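This is entry.pdb (PDB, C-alpha atoms).
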ATOM      1  CA  MET K   1      -7.807  10.348  -0.623
ATOM      2  CA  ALA K   2      -5.750  13.531  -0.291
ATOM      3  CA  TRP K   3      -2.424  12.077  -1.410
ATOM      4  CA  ASP K   4       0.650  14.306  -1.314
ATOM      5  CA  PRO K   5       3.676  12.754  -3.077
ATOM      6  CA  ASP K   6       6.142  14.961  -1.178
ATOM      7  CA  GLN K   7       4.692  14.011   2.208
ATOM      8  CA  TYR K   8       4.636  10.343   1.258
ATOM      9  CA  HIS K   9       8.293  10.449   0.195
ATOM     10  CA  ARG K  10       9.523  12.001   3.446
ATOM     11  CA  PHE K  11      10.326   8.432   4.492
ATOM     12  CA  ARG K  12      11.106   7.129   1.046
ATOM     13  CA  SER K  13      13.873   4.675   1.888
ATOM     14  CA  GLU K  14      11.858   3.186   4.752
ATOM     15  CA  ARG K  15       8.768   2.760   2.560
ATOM     16  CA  GLU K  16      10.812   1.173  -0.221
ATOM     17  CA  ALA K  17      12.343  -1.538   1.974
ATOM     18  CA  PRO K  18       9.263  -3.813   1.804
ATOM     19  CA  PHE K  19       9.083  -3.309  -1.952
ATOM     20  CA  ASP K  20      12.695  -4.477  -2.250
ATOM     21  CA  ASP K  21      11.760  -7.674  -0.415
ATOM     22  CA  LEU K  22       8.680  -8.147  -2.590
ATOM     23  CA  LEU K  23      10.742  -7.669  -5.722
ATOM     24  CA  ASP K  24      13.083 -10.450  -4.584
ATOM     25  CA  LEU K  25      10.139 -12.856  -4.798
ATOM     26  CA  VAL K  26       9.277 -11.996  -8.416
ATOM     27  CA  ALA K  27      10.987 -14.034 -11.115
ATOM     28  CA  PRO K  28      11.987 -12.296 -14.366
ATOM     29  CA  SER K  29       9.565 -12.613 -17.260
ATOM     30  CA  PRO K  30      11.498 -11.247 -20.242
ATOM     31  CA  GLY K  31       9.249  -9.426 -22.681
ATOM     32  CA  GLY K  32       6.201 -10.025 -20.487
ATOM     33  CA  ARG K  33       3.297  -7.771 -19.595
ATOM     34  CA  VAL K  34       3.213  -6.299 -16.078
ATOM     35  CA  VAL K  35       0.581  -4.246 -14.289
ATOM     36  CA  ASP K  36       1.349  -2.346 -11.069
ATOM     37  CA  LEU K  37      -1.902  -1.699  -9.179
ATOM     38  CA  GLY K  38      -1.725   1.328  -6.904
ATOM     39  CA  CYS K  39       1.463   2.549  -8.555
ATOM     40  CA  GLY K  40       1.611   5.875  -6.704
ATOM     41  CA  SER K  41       4.261   8.220  -8.050
ATOM     42  CA  GLY K  42       5.701   5.571 -10.354
ATOM     43  CA  GLU K  43       9.311   5.169  -9.254
ATOM     44  CA  LEU K  44       8.767   1.621  -8.050
ATOM     45  CA  THR K  45       6.821   0.778 -11.202
ATOM     46  CA  VAL K  46       9.911   1.573 -13.235
ATOM     47  CA  ARG K  47      12.037  -0.623 -10.968
ATOM     48  CA  LEU K  48       9.525  -3.463 -11.312
ATOM     49  CA  HIS K  49       9.608  -3.115 -15.102
ATOM     50  CA  ARG K  50      13.391  -3.381 -15.167
ATOM     51  CA  HIS K  51      13.556  -6.265 -12.704
ATOM     52  CA  VAL K  52      11.049  -8.347 -14.659
ATOM     53  CA  GLY K  53      12.594  -7.451 -18.004
ATOM     54  CA  ALA K  54       9.076  -6.666 -19.160
ATOM     55  CA  GLY K  55       8.111  -5.634 -22.635
ATOM     56  CA  GLU K  56       5.206  -3.576 -21.285
ATOM     57  CA  THR K  57       4.384  -2.294 -17.815
ATOM     58  CA  VAL K  58       1.308  -0.264 -16.902
ATOM     59  CA  GLY K  59       0.958   1.541 -13.571
ATOM     60  CA  ILE K  60      -2.597   2.177 -12.393
ATOM     61  CA  ASP K  61      -3.683   4.536  -9.627
ATOM     62  CA  ARG K  62      -6.632   6.799  -8.844
ATOM     63  CA  SER K  63      -4.731   9.704  -7.253
ATOM     64  CA  ALA K  64      -4.322  12.627  -9.656
ATOM     65  CA  PRO K  65      -1.330  14.108  -7.755
ATOM     66  CA  MET K  66       0.458  10.759  -7.736
ATOM     67  CA  LEU K  67      -0.227  10.150 -11.424
ATOM     68  CA  ALA K  68       0.961  13.663 -12.277
ATOM     69  CA  ARG K  69       4.288  12.804 -10.639
ATOM     70  CA  ALA K  70       4.383   9.413 -12.371
ATOM     71  CA  ALA K  71       3.774  10.929 -15.806
ATOM     72  CA  GLY K  72       7.324  12.246 -15.843
ATOM     73  CA  LEU K  73       8.614   8.671 -15.610
ATOM     74  CA  ALA K  74       6.701   7.346 -18.604
ATOM     75  CA  ALA K  75       9.025   5.830 -21.188
ATOM     76  CA  PRO K  76       8.936   3.266 -23.987
ATOM     77  CA  GLY K  77       7.302   0.225 -22.410
ATOM     78  CA  VAL K  78       6.172   2.051 -19.246
ATOM     79  CA  THR K  79       2.864   3.931 -19.091
ATOM     80  CA  PHE K  80       0.515   5.121 -16.354
ATOM     81  CA  ALA K  81      -3.268   5.324 -16.231
ATOM     82  CA  GLU K  82      -6.083   6.291 -13.880
ATOM     83  CA  GLY K  83      -8.151   3.384 -12.609
ATOM     84  CA  ASP K  84      -9.818   1.599  -9.709
ATOM     85  CA  ILE K  85      -7.558  -1.225  -8.576
ATOM     86  CA  GLY K  86     -10.369  -2.907  -6.671
ATOM     87  CA  GLY K  87     -12.350  -3.338  -9.855
ATOM     88  CA  PHE K  88      -9.413  -4.326 -12.050
ATOM     89  CA  ALA K  89     -10.637  -7.349 -13.989
ATOM     90  CA  ASP K  90      -8.759  -8.164 -17.184
ATOM     91  CA  VAL K  91      -8.753 -11.794 -18.340
ATOM     92  CA  ALA K  92      -5.521 -13.743 -18.989
ATOM     93  CA  ALA K  93      -3.744 -10.581 -20.107
ATOM     94  CA  TRP K  94      -0.750 -10.185 -17.774
ATOM     95  CA  ASP K  95       2.370 -12.102 -16.785
ATOM     96  CA  VAL K  96       2.784 -10.239 -13.478
ATOM     97  CA  VAL K  97       0.126  -8.509 -11.386
ATOM     98  CA  ALA K  98       1.820  -6.534  -8.613
ATOM     99  CA  SER K  99       0.544  -4.230  -5.893
ATOM    100  CA  ASN K 100       2.703  -2.568  -3.249
ATOM    101  CA  ALA K 101       1.026  -1.007  -0.181
ATOM    102  CA  ALA K 102      -2.319  -0.509  -1.920
ATOM    103  CA  LEU K 103      -4.550  -3.573  -1.436
ATOM    104  CA  HIS K 104      -5.702  -2.418   2.017
ATOM    105  CA  TRP K 105      -7.428   0.601   0.454
ATOM    106  CA  VAL K 106     -10.052  -1.640  -1.169
ATOM    107  CA  PRO K 107     -12.546  -3.972   0.568
ATOM    108  CA  ASP K 108     -13.176  -7.697   0.126
ATOM    109  CA  HIS K 109      -9.667  -8.951  -0.503
ATOM    110  CA  GLY K 110     -10.861 -12.414  -1.425
ATOM    111  CA  ALA K 111     -12.916 -11.101  -4.343
ATOM    112  CA  VAL K 112     -10.243  -8.606  -5.380
ATOM    113  CA  LEU K 113      -7.442 -11.168  -5.427
ATOM    114  CA  ALA K 114      -9.678 -13.537  -7.361
ATOM    115  CA  ARG K 115     -10.131 -10.868 -10.057
ATOM    116  CA  TRP K 116      -6.400 -10.147 -10.099
ATOM    117  CA  THR K 117      -5.710 -13.866 -10.476
ATOM    118  CA  THR K 118      -8.098 -14.088 -13.419
ATOM    119  CA  ALA K 119      -6.028 -11.360 -15.079
ATOM    120  CA  LEU K 120      -2.945 -13.610 -15.108
ATOM    121  CA  ARG K 121      -1.816 -15.761 -17.993
ATOM    122  CA  PRO K 122      -0.780 -19.392 -17.333
ATOM    123  CA  GLY K 123       2.474 -19.293 -15.376
ATOM    124  CA  GLY K 124       1.737 -15.734 -14.270
ATOM    125  CA  GLN K 125       2.800 -14.259 -10.946
ATOM    126  CA  LEU K 126       0.897 -12.317  -8.292
ATOM    127  CA  ALA K 127       3.016 -10.171  -5.944
ATOM    128  CA  VAL K 128       1.435  -8.093  -3.174
ATOM    129  CA  GLN K 129       2.690  -6.214  -0.119
ATOM    130  CA  VAL K 130       0.142  -4.917   2.383
ATOM    131  CA  PRO K 131       0.528  -3.135   5.757
ATOM    132  CA  ALA K 132      -0.632  -5.085   8.814
ATOM    133  CA  ASN K 133       0.116  -2.600  11.594
ATOM    134  CA  ALA K 134      -3.376  -1.704  12.793
ATOM    135  CA  ASP K 135      -2.587  -2.935  16.318
ATOM    136  CA  HIS K 136       0.380  -0.595  16.836
ATOM    137  CA  PRO K 137      -0.405   1.925  19.623
ATOM    138  CA  ALA K 138       0.100   4.880  17.273
ATOM    139  CA  HIS K 139      -2.362   3.405  14.777
ATOM    140  CA  ARG K 140      -4.995   2.485  17.355
ATOM    141  CA  LEU K 141      -4.766   6.012  18.697
ATOM    142  CA  VAL K 142      -5.788   7.439  15.304
ATOM    143  CA  GLY K 143      -9.177   5.775  15.669
ATOM    144  CA  ASP K 144      -9.522   7.001  19.261
ATOM    145  CA  VAL K 145      -8.901  10.620  18.257
ATOM    146  CA  ALA K 146     -11.308  10.317  15.323
ATOM    147  CA  ALA K 147     -14.012   9.079  17.705
ATOM    148  CA  GLU K 148     -13.328  11.988  20.067
ATOM    149  CA  MET K 149     -13.775  14.412  17.162
ATOM    150  CA  ALA K 150     -16.740  12.607  15.607
ATOM    151  CA  GLY K 151     -18.731  15.846  15.444
ATOM    152  CA  ALA K 152     -16.285  17.288  12.902
ATOM    153  CA  PHE K 153     -17.190  14.614  10.367
ATOM    154  CA  ASP K 154     -20.202  14.486   8.094
ATOM    155  CA  GLY K 155     -21.325  11.078   9.310
ATOM    156  CA  GLU K 156     -19.019   8.422  10.704
ATOM    157  CA  PRO K 157     -15.230   9.042  10.689
ATOM    158  CA  PRO K 158     -13.479   7.099   7.912
ATOM    159  CA  ALA K 159     -12.537   3.614   9.072
ATOM    160  CA  ASP K 160      -8.956   2.357   9.187
ATOM    161  CA  PRO K 161      -8.450   0.503   5.876
ATOM    162  CA  VAL K 162      -5.789  -1.742   7.437
ATOM    163  CA  LEU K 163      -8.554  -3.387   9.481
ATOM    164  CA  SER K 164      -9.599  -5.118   6.242
ATOM    165  CA  VAL K 165      -6.239  -6.914   6.001
ATOM    166  CA  LEU K 166      -6.432 -10.674   6.509
ATOM    167  CA  ARG K 167      -4.062 -12.801   8.574
ATOM    168  CA  PRO K 168      -1.062 -14.244   6.704
ATOM    169  CA  GLU K 169      -2.436 -17.787   6.938
ATOM    170  CA  GLU K 170      -5.721 -16.598   5.432
ATOM    171  CA  TYR K 171      -3.893 -15.178   2.426
ATOM    172  CA  ALA K 172      -1.995 -18.455   2.066
ATOM    173  CA  ALA K 173      -5.245 -20.438   2.111
ATOM    174  CA  LEU K 174      -6.759 -17.991  -0.376
ATOM    175  CA  LEU K 175      -3.861 -18.418  -2.818
ATOM    176  CA  GLU K 176      -4.307 -22.181  -2.566
ATOM    177  CA  ARG K 177      -8.034 -21.887  -3.362
ATOM    178  CA  LEU K 178      -7.263 -19.601  -6.298
ATOM    179  CA  GLY K 179      -5.093 -22.288  -7.853
ATOM    180  CA  PHE K 180      -1.553 -21.045  -7.380
ATOM    181  CA  ALA K 181       0.897 -23.886  -7.931
ATOM    182  CA  ALA K 182       3.584 -22.189  -5.811
ATOM    183  CA  GLN K 183       3.326 -19.507  -3.159
ATOM    184  CA  HIS K 184       5.219 -17.584  -0.498
ATOM    185  CA  VAL K 185       3.408 -15.678   2.257
ATOM    186  CA  ARG K 186       5.084 -14.097   5.268
ATOM    187  CA  LEU K 187       4.573 -11.514   7.988
ATOM    188  CA  GLN K 188       7.632  -9.301   8.405
ATOM    189  CA  VAL K 189       8.436  -6.629  10.969
ATOM    190  CA  TYR K 190      10.333  -3.614   9.654
ATOM    191  CA  GLY K 191      12.132  -1.461  12.197
ATOM    192  CA  HIS K 192      12.506   2.209  11.312
ATOM    193  CA  ARG K 193      14.772   4.535  13.271
ATOM    194  CA  LEU K 194      12.950   7.876  13.239
ATOM    195  CA  ALA K 195      14.378  11.122  14.579
ATOM    196  CA  SER K 196      11.650  11.310  17.233
ATOM    197  CA  SER K 197       8.365   9.723  18.254
ATOM    198  CA  LEU K 198       6.511  12.692  16.763
ATOM    199  CA  ASP K 199       7.869  11.715  13.352
ATOM    200  CA  VAL K 200       5.223   8.999  13.439
ATOM    201  CA  VAL K 201       2.697  11.788  12.822
ATOM    202  CA  GLU K 202       4.613  12.861   9.721
ATOM    203  CA  TRP K 203       4.772   9.255   8.554
ATOM    204  CA  LEU K 204       1.035   8.741   8.955
ATOM    205  CA  GLN K 205       0.222  12.050   7.266
ATOM    206  CA  GLY K 206       1.636  10.474   4.126
ATOM    207  CA  SER K 207      -0.605   7.414   4.392
ATOM    208  CA  THR K 208      -3.477   6.590   6.730
ATOM    209  CA  LEU K 209      -4.257  10.173   7.788
ATOM    210  CA  THR K 210      -5.012  11.085   4.171
ATOM    211  CA  ARG K 211      -8.487   9.694   4.741
ATOM    212  CA  PHE K 212      -9.147  12.427   7.309
ATOM    213  CA  ARG K 213      -7.463  15.183   5.320
ATOM    214  CA  ALA K 214      -9.829  14.412   2.451
ATOM    215  CA  VAL K 215     -13.008  14.990   4.470
ATOM    216  CA  LEU K 216     -12.130  17.570   7.156
ATOM    217  CA  SER K 217     -11.867  21.323   6.794
ATOM    218  CA  ASP K 218      -8.394  22.831   7.139
ATOM    219  CA  ALA K 219      -9.215  24.013  10.662
ATOM    220  CA  ASP K 220     -10.651  20.675  11.763
ATOM    221  CA  TYR K 221      -7.743  18.739  10.297
ATOM    222  CA  ALA K 222      -5.268  21.020  12.109
ATOM    223  CA  ALA K 223      -7.201  20.408  15.334
ATOM    224  CA  PHE K 224      -7.147  16.680  14.669
ATOM    225  CA  LEU K 225      -3.360  16.706  14.223
ATOM    226  CA  GLU K 226      -2.819  18.780  17.348
ATOM    227  CA  ARG K 227      -4.934  16.441  19.461
ATOM    228  CA  TYR K 228      -3.257  13.405  17.936
ATOM    229  CA  ARG K 229       0.251  14.762  18.623
ATOM    230  CA  THR K 230      -0.645  15.437  22.246
ATOM    231  CA  ARG K 231      -2.180  12.012  22.750
ATOM    232  CA  LEU K 232       0.671  10.294  20.909
ATOM    233  CA  THR K 233       3.274  11.901  23.153
ATOM    234  CA  ALA K 234       1.357  10.631  26.172
ATOM    235  CA  VAL K 235       1.301   7.094  24.757
ATOM    236  CA  LEU K 236       4.769   6.793  23.174
ATOM    237  CA  GLY K 237       6.612   9.415  25.196
ATOM    238  CA  ASP K 238       8.673  12.271  23.791
ATOM    239  CA  ARG K 239      11.494  10.058  22.539
ATOM    240  CA  ALA K 240      14.413  10.913  20.281
ATOM    241  CA  PRO K 241      15.277   8.806  18.428
ATOM    242  CA  TYR K 242      12.263   6.518  18.160
ATOM    243  CA  PHE K 243      12.279   2.926  16.896
ATOM    244  CA  TYR K 244       9.067   2.498  14.890
ATOM    245  CA  THR K 245       8.074  -1.114  14.323
ATOM    246  CA  PHE K 246       5.865  -1.747  11.307
ATOM    247  CA  LYS K 247       4.381  -5.131  10.349
ATOM    248  CA  ARG K 248       3.691  -5.973   6.712
ATOM    249  CA  ILE K 249       2.506  -9.040   4.816
ATOM    250  CA  LEU K 250       4.272 -10.084   1.631
ATOM    251  CA  LEU K 251       2.549 -12.575  -0.615
ATOM    252  CA  TRP K 252       3.580 -14.103  -3.910
ATOM    253  CA  GLY K 253       2.111 -16.826  -6.029
ATOM    254  CA  ARG K 254       2.690 -18.406  -9.442
ATOM    255  CA  LEU K 255       0.057 -20.183 -11.522
ATOM    256  CA  ALA K 256       0.854 -23.426 -13.292
ATOM    257  CA  ALA K 257       2.163 -22.873 -16.820
TER     258      ALA K 257
END

Could you spell out this file's structure in structure tokens?
Amino acid sequence: MAWDPDQYHRFRSEREAPFDDLLDLVAPSPGGRVVDLGCGSGELTVRLHRHVGAGETVGIDRSAPMLARAAGLAAPGVTFAEGDIGGFADVAAWDVVASNAALHWVPDHGAVLARWTTALRPGGQLAVQVPANADHPAHRLVGDVAAEMAGAFDGEPPADPVLSVLRPEEYAALLERLGFAAQHVRLQVYGHRLASSLDVVEWLQGSTLTRFRAVLSDADYAAFLERYRTRLTAVLGDRAPYFYTFKRILLWGRLAA
């Protein structure tokens, strides 16, 4: 993916709100080992480390630009490394496995969460936040525009990764099958007051549209954005300000000690 830390952080406070709620679910584990899967630019990894009171926290991501930004935050007890979060498969090595807004980028959530659970020590905690906004008109429209411009892609346009997200009750049932003694799963709607409806384009350029930026030429990506802006205005209207509703699933579980 063509991740741009500056673009992603244009709506930093709005993107951090779900992380704050996820962090409230995580109990301290003084001196414990924490891994943050899909750590991005690392700021939230540092906050997780401090909240848990961890002895060691490792942030893992596969985006070179994000890891380059995170490297400046490395400190005693906090390190960052390149890796595939979908294939992460340590055994009984961590007290907290956390992932904020990253799980949807990998397929087969049942298998992935099973591997992440295996990585936990007895009494360990799993904490995950994942977007669930694929049915929002602005998000559905992304797929429509991609289909209209199918000829610009080498093969099929990249699919929306949020379509792989399960329903909240399915995650709850999965945590039960994986043996979590306690759990909390909820769907939450976050309301973001943006300056205008077209700011949704800027928001999505920092996240889901990266999949198109990575495979299109500069000219084709510019054409994609122009068509998307035009279609978005027709669907949402040219509104200022614009109230952007965004659904997310927060899930937490603790294994028996």

### Query
Of the candidates K:Thr45, K:Arg62, K:Gly32, K:Phe212, which shows the shortest atom-to-atom distance to Ala75 of chain K, using all atoms listed in the file?
K:Thr45

### Query
Of the candidates K:Ala111, K:Val185, K:Val106, K:Ala71, which shows the shortest atom-to-atom distance to Asp160 of chain K, using all atoms listed in the file?
K:Val106

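When only C-alpha atoms are used to compute distances to Pro168 of chain K, the closest of the residues K:Ala119, K:His139, K:Ile249, K:Phe243 turns out to be K:Ile249.
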
#### Entry: Sphere at (0.0, -3.7, -5.6), radius 12 Å, counting only C-alpha atoms: residues as a PyMOL selection string
chain K and resi 18-19+22-23+34-40+42+44-45+48+58-61+84-86+88+96-106+112-113+116+126-131+249-252

Those same residues, written as a PDB file, in the frame of the given file with C-alpha atoms?
ATOM      1  CA  PRO K  18       9.263  -3.813   1.804  1.00  0.00           C
ATOM      2  CA  PHE K  19       9.083  -3.309  -1.952  1.00  0.00           C
ATOM      3  CA  LEU K  22       8.680  -8.147  -2.590  1.00  0.00           C
ATOM      4  CA  LEU K  23      10.742  -7.669  -5.722  1.00  0.00           C
ATOM      5  CA  VAL K  34       3.213  -6.299 -16.078  1.00  0.00           C
ATOM      6  CA  VAL K  35       0.581  -4.246 -14.289  1.00  0.00           C
ATOM      7  CA  ASP K  36       1.349  -2.346 -11.069  1.00  0.00           C
ATOM      8  CA  LEU K  37      -1.902  -1.699  -9.179  1.00  0.00           C
ATOM      9  CA  GLY K  38      -1.725   1.328  -6.904  1.00  0.00           C
ATOM     10  CA  CYS K  39       1.463   2.549  -8.555  1.00  0.00           C
ATOM     11  CA  GLY K  40       1.611   5.875  -6.704  1.00  0.00           C
ATOM     12  CA  GLY K  42       5.701   5.571 -10.354  1.00  0.00           C
ATOM     13  CA  LEU K  44       8.767   1.621  -8.050  1.00  0.00           C
ATOM     14  CA  THR K  45       6.821   0.778 -11.202  1.00  0.00           C
ATOM     15  CA  LEU K  48       9.525  -3.463 -11.312  1.00  0.00           C
ATOM     16  CA  VAL K  58       1.308  -0.264 -16.902  1.00  0.00           C
ATOM     17  CA  GLY K  59       0.958   1.541 -13.571  1.00  0.00           C
ATOM     18  CA  ILE K  60      -2.597   2.177 -12.393  1.00  0.00           C
ATOM     19  CA  ASP K  61      -3.683   4.536  -9.627  1.00  0.00           C
ATOM     20  CA  ASP K  84      -9.818   1.599  -9.709  1.00  0.00           C
ATOM     21  CA  ILE K  85      -7.558  -1.225  -8.576  1.00  0.00           C
ATOM     22  CA  GLY K  86     -10.369  -2.907  -6.671  1.00  0.00           C
ATOM     23  CA  PHE K  88      -9.413  -4.326 -12.050  1.00  0.00           C
ATOM     24  CA  VAL K  96       2.784 -10.239 -13.478  1.00  0.00           C
ATOM     25  CA  VAL K  97       0.126  -8.509 -11.386  1.00  0.00           C
ATOM     26  CA  ALA K  98       1.820  -6.534  -8.613  1.00  0.00           C
ATOM     27  CA  SER K  99       0.544  -4.230  -5.893  1.00  0.00           C
ATOM     28  CA  ASN K 100       2.703  -2.568  -3.249  1.00  0.00           C
ATOM     29  CA  ALA K 101       1.026  -1.007  -0.181  1.00  0.00           C
ATOM     30  CA  ALA K 102      -2.319  -0.509  -1.920  1.00  0.00           C
ATOM     31  CA  LEU K 103      -4.550  -3.573  -1.436  1.00  0.00           C
ATOM     32  CA  HIS K 104      -5.702  -2.418   2.017  1.00  0.00           C
ATOM     33  CA  TRP K 105      -7.428   0.601   0.454  1.00  0.00           C
ATOM     34  CA  VAL K 106     -10.052  -1.640  -1.169  1.00  0.00           C
ATOM     35  CA  VAL K 112     -10.243  -8.606  -5.380  1.00  0.00           C
ATOM     36  CA  LEU K 113      -7.442 -11.168  -5.427  1.00  0.00           C
ATOM     37  CA  TRP K 116      -6.400 -10.147 -10.099  1.00  0.00           C
ATOM     38  CA  LEU K 126       0.897 -12.317  -8.292  1.00  0.00           C
ATOM     39  CA  ALA K 127       3.016 -10.171  -5.944  1.00  0.00           C
ATOM     40  CA  VAL K 128       1.435  -8.093  -3.174  1.00  0.00           C
ATOM     41  CA  GLN K 129       2.690  -6.214  -0.119  1.00  0.00           C
ATOM     42  CA  VAL K 130       0.142  -4.917   2.383  1.00  0.00           C
ATOM     43  CA  PRO K 131       0.528  -3.135   5.757  1.00  0.00           C
ATOM     44  CA  ILE K 249       2.506  -9.040   4.816  1.00  0.00           C
ATOM     45  CA  LEU K 250       4.272 -10.084   1.631  1.00  0.00           C
ATOM     46  CA  LEU K 251       2.549 -12.575  -0.615  1.00  0.00           C
ATOM     47  CA  TRP K 252       3.580 -14.103  -3.910  1.00  0.00           C
TER      48      TRP K 252
END

### Summary
re atom CA of Ala173 of chain K and atom CA of Arg248 of chain K: distance 17.6 Å

Residues of segment 108-197 of chain K that approach segment 2-12 of chain K to 12 Å or less, counting all atoms listed in the file: could you list each one with the shortest pair of atoms and its distance in Å to one decimal, rows by chain and increasing residue number, as a Markdown table?
| residue | atom | partner | partner_atom | distance |
| --- | --- | --- | --- | --- |
| K:His192 | CA | K:Phe11 | CA | 9.5 |
| K:Arg193 | CA | K:Phe11 | CA | 10.6 |
| K:Leu194 | CA | K:Phe11 | CA | 9.1 |
| K:Ala195 | CA | K:Phe11 | CA | 11.2 |

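Of the listed residues (K:Asp144, K:Glu170, K:Glu56, K:Asp199), K:Asp199 comes nearest to Leu236 of chain K; the distances count only C-alpha atoms.
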
### Task
Run through the PyMOL selection byres ((chain K and resi 256) around 6) on the given coordinates and return the selected residues as a list in words.
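So the PyMOL selection byres ((chain K and resi 256) around 6) ends up selecting Pro122, Gly123, Ala181, Leu255 and Ala257 of chain K.
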
Using C-alpha atoms, can you export the residues from the last selection as a PDB file, in the frame of the given file?
ATOM      1  CA  PRO K 122      -0.780 -19.392 -17.333  1.00  0.00           C
ATOM      2  CA  GLY K 123       2.474 -19.293 -15.376  1.00  0.00           C
ATOM      3  CA  ALA K 181       0.897 -23.886  -7.931  1.00  0.00           C
ATOM      4  CA  LEU K 255       0.057 -20.183 -11.522  1.00  0.00           C
ATOM      5  CA  ALA K 257       2.163 -22.873 -16.820  1.00  0.00           C
TER       6      ALA K 257
END

### Expected selection from the PyMOL selection byres ((chain K and resi 68-70) around 8), given as a VMD selection string
chain K and resid 5 40 to 43 64 to 67 71 to 74 80

Would you save the residues from that selection as an mmCIF file, in the frame of the given file, using C-alpha atoms?
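Below is the file again32.cif, written as the result:
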data_model
loop_
_atom_site.group_PDB
_atom_site.id
_atom_site.type_symbol
_atom_site.label_atom_id
_atom_site.label_comp_id
_atom_site.auth_asym_id
_atom_site.auth_seq_id
_atom_site.Cartn_x
_atom_site.Cartn_y
_atom_site.Cartn_z
ATOM 1 C CA PRO K 5 3.676 12.754 -3.077
ATOM 2 C CA GLY K 40 1.611 5.875 -6.704
ATOM 3 C CA SER K 41 4.261 8.220 -8.050
ATOM 4 C CA GLY K 42 5.701 5.571 -10.354
ATOM 5 C CA GLU K 43 9.311 5.169 -9.254
ATOM 6 C CA ALA K 64 -4.322 12.627 -9.656
ATOM 7 C CA PRO K 65 -1.330 14.108 -7.755
ATOM 8 C CA MET K 66 0.458 10.759 -7.736
ATOM 9 C CA LEU K 67 -0.227 10.150 -11.424
ATOM 10 C CA ALA K 71 3.774 10.929 -15.806
ATOM 11 C CA GLY K 72 7.324 12.246 -15.843
ATOM 12 C CA LEU K 73 8.614 8.671 -15.610
ATOM 13 C CA ALA K 74 6.701 7.346 -18.604
ATOM 14 C CA PHE K 80 0.515 5.121 -16.354
#

#### Entry: Computed interatomic separation between atom CA of Leu166 of chain K and atom CA of Ser207 of chain K (Å)
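Interatomic distance, atom CA of Leu166 of chain K to atom CA of Ser207 of chain K: 19.1 Å.
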
### Query
What separation in Å, quoted to one decimal, exists between atom CA of Asp135 of chain K and atom CA of Ala234 of chain K?
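Here the two named atoms are 17.2 Å from each other.
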
### Task
For each of K:Leu120, K:Ala114, K:Leu204, K:Leu198, take the minimum atom-to-atom distance to Ala92 of chain K, counting all atoms listed in the file, then give the residue where this is smallest.
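Using all atoms listed in the file, Ala92 of chain K sits closest to K:Leu120.
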
### Query
Which residue out of K:Ala54, K:Ser197, K:Asp90, K:Pro137 has the minimum interatomic distance to Gly237 of chain K when all atoms listed in the file are used?
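Between K:Ala54, K:Ser197, K:Asp90, K:Pro137, the residue approaching Gly237 of chain K most closely is K:Ser197.
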
### Query
Could you pull the residues within 12 Å of Arg140 of chain K, counting only C-alpha atoms, minus those fewer than 2 positions along the same chain, as a PyMOL selection string?
chain K and resi 133-138+142-147+159-160+162-163+208+228+231-232+235

Residue selection dump (C-alpha atoms) as an mmCIF file, keeping the file's coordinate frame:
data_model
loop_
_atom_site.group_PDB
_atom_site.id
_atom_site.type_symbol
_atom_site.label_atom_id
_atom_site.label_comp_id
_atom_site.auth_asym_id
_atom_site.auth_seq_id
_atom_site.Cartn_x
_atom_site.Cartn_y
_atom_site.Cartn_z
ATOM 1 C CA ASN K 133 0.116 -2.600 11.594
ATOM 2 C CA ALA K 134 -3.376 -1.704 12.793
ATOM 3 C CA ASP K 135 -2.587 -2.935 16.318
ATOM 4 C CA HIS K 136 0.380 -0.595 16.836
ATOM 5 C CA PRO K 137 -0.405 1.925 19.623
ATOM 6 C CA ALA K 138 0.100 4.880 17.273
ATOM 7 C CA VAL K 142 -5.788 7.439 15.304
ATOM 8 C CA GLY K 143 -9.177 5.775 15.669
ATOM 9 C CA ASP K 144 -9.522 7.001 19.261
ATOM 10 C CA VAL K 145 -8.901 10.620 18.257
ATOM 11 C CA ALA K 146 -11.308 10.317 15.323
ATOM 12 C CA ALA K 147 -14.012 9.079 17.705
ATOM 13 C CA ALA K 159 -12.537 3.614 9.072
ATOM 14 C CA ASP K 160 -8.956 2.357 9.187
ATOM 15 C CA VAL K 162 -5.789 -1.742 7.437
ATOM 16 C CA LEU K 163 -8.554 -3.387 9.481
ATOM 17 C CA THR K 208 -3.477 6.590 6.730
ATOM 18 C CA TYR K 228 -3.257 13.405 17.936
ATOM 19 C CA ARG K 231 -2.180 12.012 22.750
ATOM 20 C CA LEU K 232 0.671 10.294 20.909
ATOM 21 C CA VAL K 235 1.301 7.094 24.757
#

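Listed by chain and then by number, the residues chosen by the PyMOL selection byres ((chain K and resi 247) around 7) in this file are Pro131, Ala132, Asn133, Leu187, Gln188, Val189, Tyr190, Thr245, Phe246 and Arg248 of chain K.
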
### Query
Using all atoms listed in the file, which residues sit within 8 Å of Ser164 of chain K once same-chain residues fewer than 5 positions away are excluded, as a list in words?
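Counting all atoms listed in the file, the residues come to His104, Pro107, Asp108 and His109 of chain K.
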